[in-house]
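A.B. asks: This is the structure I have questions about; it appears just below.
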Amino acid sequence: MPTTIKEKTALKFEPVHLSDLTKITDLYFSQTGIEKESTNFEQPKLTEEFGFPIYKLVEGDLIIGYSYFTVNSSEEIIFKAIINPEYSFGDLESRFIDRSKQKYVSKKELDHKGMKNSITRMVDWLNWSR
């Protein structure tokens with residue numbers, strides 16, 4: 001069941017589904033400054049920095065942000081978020097990251113090697129499918 005974060009607007013906190021990945025990659029490209037379209041009809045490739053999306057922030061039918069985990073060079077699991085700045089206010093990003101981490105960790109035991117493998121497989125699959 002979605003959790004509502006109450007502030008100036010009613011945002012829904014929901015798990016990411018496969019059907020969300022196109023919108024999430026679009027949000028990633030728009031917020032990271034990476035050009036999605038290139039001159040030779042080739043799209044830029046996602047890297048492990050894209051991470052593994054786990055939760056999304058939704059306003060109405062619009063995905064305005066998503067949280068994800070990635071593994072740094074020290075093999076530590078890092079939780080991050082990308083939120084469209086037009087919809088971001090106050091400490092929304094840090095609260096979204098904290099909530100995502102809390103909810104994800106409560107359901108799973110952290111397996112660093114498995115999580116790193118999941119990121120690699122997700123990124124490879126998305127690059128292949130686009």
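Please note that chains go A, B, ... in the order of the structure tokens, that every chain numbers its residues from 1, and that ligands are numbered from 1 in the order shown.
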Need to verify the contact set: Gly33 of chain A, 12 Å, only C-alpha atoms, exclusion of same-chain residues closer than 6 positions in sequence. Can you return it as a count of residues only?
C.D. replies: 3
A.B. asks: For Gln31 of chain A, list every protein, DNA or RNA residue within 12 Å, evaluated using only C-alpha atoms, and leave out those in the same chain fewer than 5 positions away; present the list as a list in words.
C.D. replies: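 Residues meeting the cut-off are Ile24, Thr25, Asp26, Lys36, Phe50, Ile64, Gly65, Tyr66, Ala81, Ile82, Ile83, Asn84, Pro85 and Glu86 of chain A.
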A.B. asks: Can you tell me which residues surround Met115 of chain A at a distance of at most 9 Å, considering only C-alpha atoms, apart from same-chain residues fewer than 5 positions away, and format the answer as a VMD selection string?
C.D. replies: chain A and resid 52 69 to 71 77 110 120
A.B. asks: Please write the residues from the selection above to a file, keeping N, CA, C and O atoms, as a PDB file, in the first residue's frame.
C.D. replies:
```pdb
ATOM      1  N   PHE A  52      20.095   0.984  -8.814  1.00  0.00           N
ATOM      2  CA  PHE A  52      18.959   0.066  -8.856  1.00  0.00           C
ATOM      3  C   PHE A  52      17.762   0.768  -8.223  1.00  0.00           C
ATOM      4  O   PHE A  52      17.696   0.915  -6.999  1.00  0.00           O
ATOM      5  N   PHE A  69      19.702   2.393  -4.963  1.00  0.00           N
ATOM      6  CA  PHE A  69      20.944   2.106  -4.257  1.00  0.00           C
ATOM      7  C   PHE A  69      22.034   1.855  -5.284  1.00  0.00           C
ATOM      8  O   PHE A  69      21.774   1.475  -6.411  1.00  0.00           O
ATOM      9  N   THR A  70      23.239   2.125  -4.875  1.00  0.00           N
ATOM     10  CA  THR A  70      24.417   1.861  -5.678  1.00  0.00           C
ATOM     11  C   THR A  70      25.510   1.393  -4.725  1.00  0.00           C
ATOM     12  O   THR A  70      25.364   1.507  -3.508  1.00  0.00           O
ATOM     13  N   VAL A  71      26.569   0.841  -5.278  1.00  0.00           N
ATOM     14  CA  VAL A  71      27.679   0.354  -4.469  1.00  0.00           C
ATOM     15  C   VAL A  71      28.910   1.164  -4.841  1.00  0.00           C
ATOM     16  O   VAL A  71      29.259   1.268  -6.015  1.00  0.00           O
ATOM     17  N   ILE A  77      27.112   0.078   0.389  1.00  0.00           N
ATOM     18  CA  ILE A  77      25.837   0.338  -0.265  1.00  0.00           C
ATOM     19  C   ILE A  77      25.407   1.751   0.093  1.00  0.00           C
ATOM     20  O   ILE A  77      25.346   2.119   1.266  1.00  0.00           O
ATOM     21  N   LEU A 110      21.073  -7.083   3.630  1.00  0.00           N
ATOM     22  CA  LEU A 110      21.941  -6.477   2.625  1.00  0.00           C
ATOM     23  C   LEU A 110      23.058  -7.437   2.218  1.00  0.00           C
ATOM     24  O   LEU A 110      23.852  -7.867   3.036  1.00  0.00           O
ATOM     25  N   THR A 120      24.343  -4.170 -11.982  1.00  0.00           N
ATOM     26  CA  THR A 120      24.969  -4.465 -13.277  1.00  0.00           C
ATOM     27  C   THR A 120      23.961  -5.104 -14.223  1.00  0.00           C
ATOM     28  O   THR A 120      23.853  -4.703 -15.386  1.00  0.00           O
TER      29      THR A 120
END
```
A.B. asks: Between A:Ser67, A:Asn72, A:Asn127, A:Ser118, single out the one closest to Asp98 of chain A, counting only C-alpha atoms.
C.D. replies: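 Closest candidate: A:Ser67.
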A.B. asks: Pick out each residue of chain A that DSSP on the backbone tags as alpha helix (DSSP H); I need them as a ChimeraX atom specification.
C.D. replies: /A:21-32,92-107,112-129
A.B. asks: Could you check which of A:Leu18, A:Ile119, A:Ser88, A:Ile97 is closest to Glu59 of chain A, using only C-alpha atoms?
C.D. replies: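 The closest residue to Glu59 of chain A is A:Ser88.
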A.B. asks: For each of A:Lys12, A:Trp125, A:Ser30, A:Ser100, take the minimum atom-to-atom distance to Ile78 of chain A, counting only C-alpha atoms, then give the residue where this is smallest.
C.D. replies: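 Among the listed residues, the smallest separation from Ile78 of chain A belongs to A:Ser100.
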A.B. asks: Write out as a PyMOL selection string all residues of chain A that DSSP puts in strand (DSSP E) for this structure's backbone.
C.D. replies: chain A and resi 3-6+10-15+52-59+62-71+77-83
A.B. asks: Those same residues, written as a short mmCIF file (atom, residue, chain, number, x, y, z; two decimals), in the first residue's frame with N, CA, C and O atoms?
C.D. replies:
```cif
data_model
loop_
_atom_site.label_atom_id
_atom_site.label_comp_id
_atom_site.auth_asym_id
_atom_site.auth_seq_id
_atom_site.Cartn_x
_atom_site.Cartn_y
_atom_site.Cartn_z
N THR A 3 2.50 4.80 0.75
CA THR A 3 2.62 5.67 1.91
C THR A 3 2.57 7.10 1.40
O THR A 3 3.24 7.43 0.44
N THR A 4 1.80 7.96 2.03
CA THR A 4 1.70 9.36 1.61
C THR A 4 2.61 10.21 2.48
O THR A 4 2.57 10.11 3.70
N ILE A 5 3.46 11.01 1.83
CA ILE A 5 4.30 11.97 2.53
C ILE A 5 3.52 13.28 2.50
O ILE A 5 3.29 13.83 1.43
N LYS A 6 3.10 13.77 3.67
CA LYS A 6 2.26 14.96 3.71
C LYS A 6 3.12 16.21 3.90
O LYS A 6 3.87 16.31 4.82
N ALA A 10 0.17 16.19 -1.73
CA ALA A 10 0.07 14.78 -1.38
C ALA A 10 0.93 13.97 -2.34
O ALA A 10 0.56 13.75 -3.49
N LEU A 11 2.10 13.56 -1.88
CA LEU A 11 2.99 12.73 -2.67
C LEU A 11 2.85 11.29 -2.23
O LEU A 11 2.75 11.01 -1.04
N LYS A 12 2.84 10.38 -3.19
CA LYS A 12 2.77 8.96 -2.85
C LYS A 12 4.16 8.35 -2.95
O LYS A 12 4.92 8.64 -3.86
N PHE A 13 4.48 7.50 -2.02
CA PHE A 13 5.73 6.76 -1.93
C PHE A 13 5.39 5.32 -2.31
O PHE A 13 4.65 4.66 -1.58
N GLU A 14 5.87 4.86 -3.46
CA GLU A 14 5.49 3.53 -3.95
C GLU A 14 6.71 2.78 -4.45
O GLU A 14 7.69 3.39 -4.89
N PRO A 15 6.64 1.45 -4.45
CA PRO A 15 7.72 0.66 -5.04
C PRO A 15 7.79 0.89 -6.54
O PRO A 15 6.78 1.16 -7.19
N PHE A 52 20.09 0.98 -8.81
CA PHE A 52 18.96 0.07 -8.86
C PHE A 52 17.76 0.77 -8.22
O PHE A 52 17.70 0.91 -7.00
N PRO A 53 16.81 1.24 -9.05
CA PRO A 53 15.65 1.97 -8.52
C PRO A 53 14.79 1.08 -7.61
O PRO A 53 14.52 -0.07 -7.95
N ILE A 54 14.38 1.63 -6.47
CA ILE A 54 13.57 0.84 -5.54
C ILE A 54 12.22 1.48 -5.20
O ILE A 54 11.22 0.78 -5.11
N TYR A 55 12.20 2.79 -5.02
CA TYR A 55 10.94 3.48 -4.70
C TYR A 55 10.80 4.73 -5.56
O TYR A 55 11.79 5.27 -6.04
N LYS A 56 9.55 5.15 -5.74
CA LYS A 56 9.27 6.35 -6.53
C LYS A 56 8.39 7.28 -5.73
O LYS A 56 7.63 6.85 -4.86
N LEU A 57 8.51 8.58 -6.05
CA LEU A 57 7.60 9.60 -5.52
C LEU A 57 6.67 9.96 -6.66
O LEU A 57 7.12 10.29 -7.76
N VAL A 58 5.39 9.93 -6.39
CA VAL A 58 4.40 10.17 -7.43
C VAL A 58 3.46 11.27 -6.98
O VAL A 58 2.99 11.29 -5.84
N GLU A 59 3.21 12.21 -7.89
CA GLU A 59 2.18 13.22 -7.67
C GLU A 59 1.16 13.03 -8.78
O GLU A 59 1.48 13.24 -9.95
N LEU A 62 2.23 11.40 -12.22
CA LEU A 62 3.57 11.81 -12.62
C LEU A 62 4.62 11.34 -11.62
O LEU A 62 4.51 11.61 -10.42
N ILE A 63 5.63 10.62 -12.12
CA ILE A 63 6.76 10.23 -11.28
C ILE A 63 7.67 11.44 -11.17
O ILE A 63 8.23 11.90 -12.16
N ILE A 64 7.81 11.97 -9.96
CA ILE A 64 8.62 13.18 -9.77
C ILE A 64 9.99 12.88 -9.17
O ILE A 64 10.84 13.75 -9.10
N GLY A 65 10.18 11.64 -8.75
CA GLY A 65 11.47 11.26 -8.18
C GLY A 65 11.54 9.77 -7.95
O GLY A 65 10.53 9.08 -7.99
N TYR A 66 12.75 9.31 -7.76
CA TYR A 66 12.94 7.90 -7.42
C TYR A 66 14.16 7.75 -6.54
O TYR A 66 15.08 8.56 -6.58
N SER A 67 14.14 6.72 -5.72
CA SER A 67 15.29 6.40 -4.87
C SER A 67 15.93 5.14 -5.43
O SER A 67 15.27 4.32 -6.08
N TYR A 68 17.20 5.01 -5.15
CA TYR A 68 17.94 3.86 -5.67
C TYR A 68 19.13 3.58 -4.77
O TYR A 68 19.49 4.38 -3.92
N PHE A 69 19.70 2.39 -4.96
CA PHE A 69 20.94 2.11 -4.26
C PHE A 69 22.03 1.86 -5.28
O PHE A 69 21.77 1.47 -6.41
N THR A 70 23.24 2.12 -4.87
CA THR A 70 24.42 1.86 -5.68
C THR A 70 25.51 1.39 -4.73
O THR A 70 25.36 1.51 -3.51
N VAL A 71 26.57 0.84 -5.28
CA VAL A 71 27.68 0.35 -4.47
C VAL A 71 28.91 1.16 -4.84
O VAL A 71 29.26 1.27 -6.01
N ILE A 77 27.11 0.08 0.39
CA ILE A 77 25.84 0.34 -0.27
C ILE A 77 25.41 1.75 0.09
O ILE A 77 25.35 2.12 1.27
N ILE A 78 25.13 2.54 -0.94
CA ILE A 78 24.74 3.94 -0.77
C ILE A 78 23.33 4.11 -1.33
O ILE A 78 23.06 3.71 -2.46
N PHE A 79 22.46 4.71 -0.53
CA PHE A 79 21.10 5.02 -0.99
C PHE A 79 21.08 6.48 -1.43
O PHE A 79 21.56 7.36 -0.71
N LYS A 80 20.50 6.74 -2.60
CA LYS A 80 20.42 8.09 -3.16
C LYS A 80 19.03 8.30 -3.75
O LYS A 80 18.23 7.37 -3.83
N ALA A 81 18.79 9.53 -4.19
CA ALA A 81 17.51 9.84 -4.83
C ALA A 81 17.70 10.91 -5.87
O ALA A 81 18.61 11.75 -5.77
N ILE A 82 16.86 10.87 -6.88
CA ILE A 82 16.78 11.94 -7.87
C ILE A 82 15.34 12.43 -7.85
O ILE A 82 14.40 11.63 -7.97
N ILE A 83 15.18 13.73 -7.64
CA ILE A 83 13.85 14.34 -7.60
C ILE A 83 13.85 15.53 -8.53
O ILE A 83 14.78 16.34 -8.52
#
```
A.B. asks: A:Gly90, A:Lys108, A:Gln102, A:Asp61: which is nearest Asp20 of chain A, counting only C-alpha atoms?
C.D. replies: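 Between A:Gly90, A:Lys108, A:Gln102, A:Asp61, the residue approaching Asp20 of chain A most closely is A:Asp61.
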